[in-house]
Amino acid sequence: MKVDWAALGAVFGVSLAVVLGLVVLFSVALRALSAREVARERGGAAVVPTAAAAVCLLACVTVVLFGIYLIVAG
């Protein structure tokens, strides 16, 4: 049996990049939700942090659903 090390390395690299990106997106979403709570406590508008959190969480869901699609369709 011969292992294609280049393909294995490519899969590892892409997987690592996607996982790190997903963790960063989720962290930004949590930080935005925290900023929203701080803005509400101070009586300010919380539109921008809420929108940022929604966009980041939507991106996370999209990445996860795309990954499930690749597994099922492949």
# chains A, B, ... in the order shown; residues from 1 in each chain; ligands from 1
call {"tool": "residues_around", "arguments": {"residues": "stretch 48-55 of chain A", "least_positions_apart": "4", "cutoff": "6 Å", "atoms": "only C-alpha atoms", "output": "number ranges by chain"}}
result
A: 29, 32, 36
call {"tool": "closest_residue", "arguments": {"among": "A:Ala10, A:Ile68, A:Leu58, A:Leu33", "to": "A:Ala46", "atoms": "only C-alpha atoms"}}
result
A:Leu33
call {"tool": "atom_distance", "arguments": {"atom1": "atom CA of A:Gly21", "atom2": "atom CA of A:Cys60"}}
result
9.1 Å
call {"tool": "atom_distance", "arguments": {"atom1": "atom CA of A:Ala7", "atom2": "atom CA of A:Val19"}}
result
18.2 Å
call {"tool": "closest_residue", "arguments": {"among": "A:Val3, A:Val47, A:Ala35, A:Val64", "to": "A:Val18", "atoms": "only C-alpha atoms"}}
result
A:Val64
call {"tool": "decode", "arguments": {"residues": "stretch 55-70 of chain A", "atoms": "C-alpha atoms", "output": "mmCIF file, in the first residue's frame"}}
result
data_model
loop_
_atom_site.group_PDB
_atom_site.id
_atom_site.type_symbol
_atom_site.label_atom_id
_atom_site.label_comp_id
_atom_site.auth_asym_id
_atom_site.auth_seq_id
_atom_site.Cartn_x
_atom_site.Cartn_y
_atom_site.Cartn_z
ATOM 1 C CA VAL A 55 -22.933 37.367 10.817
ATOM 2 C CA CYS A 56 -20.223 35.345 12.560
ATOM 3 C CA LEU A 57 -22.644 32.716 13.831
ATOM 4 C CA LEU A 58 -24.268 32.468 10.396
ATOM 5 C CA ALA A 59 -20.827 31.937 8.872
ATOM 6 C CA CYS A 60 -20.130 29.184 11.424
ATOM 7 C CA VAL A 61 -23.383 27.434 10.593
ATOM 8 C CA THR A 62 -22.664 27.742 6.871
ATOM 9 C CA VAL A 63 -19.210 26.177 7.235
ATOM 10 C CA VAL A 64 -20.579 23.289 9.308
ATOM 11 C CA LEU A 65 -23.434 22.624 6.885
ATOM 12 C CA PHE A 66 -21.036 22.749 3.923
ATOM 13 C CA GLY A 67 -18.814 20.207 5.652
ATOM 14 C CA ILE A 68 -21.778 17.905 6.244
ATOM 15 C CA TYR A 69 -22.775 18.344 2.589
ATOM 16 C CA LEU A 70 -19.268 17.341 1.463
#
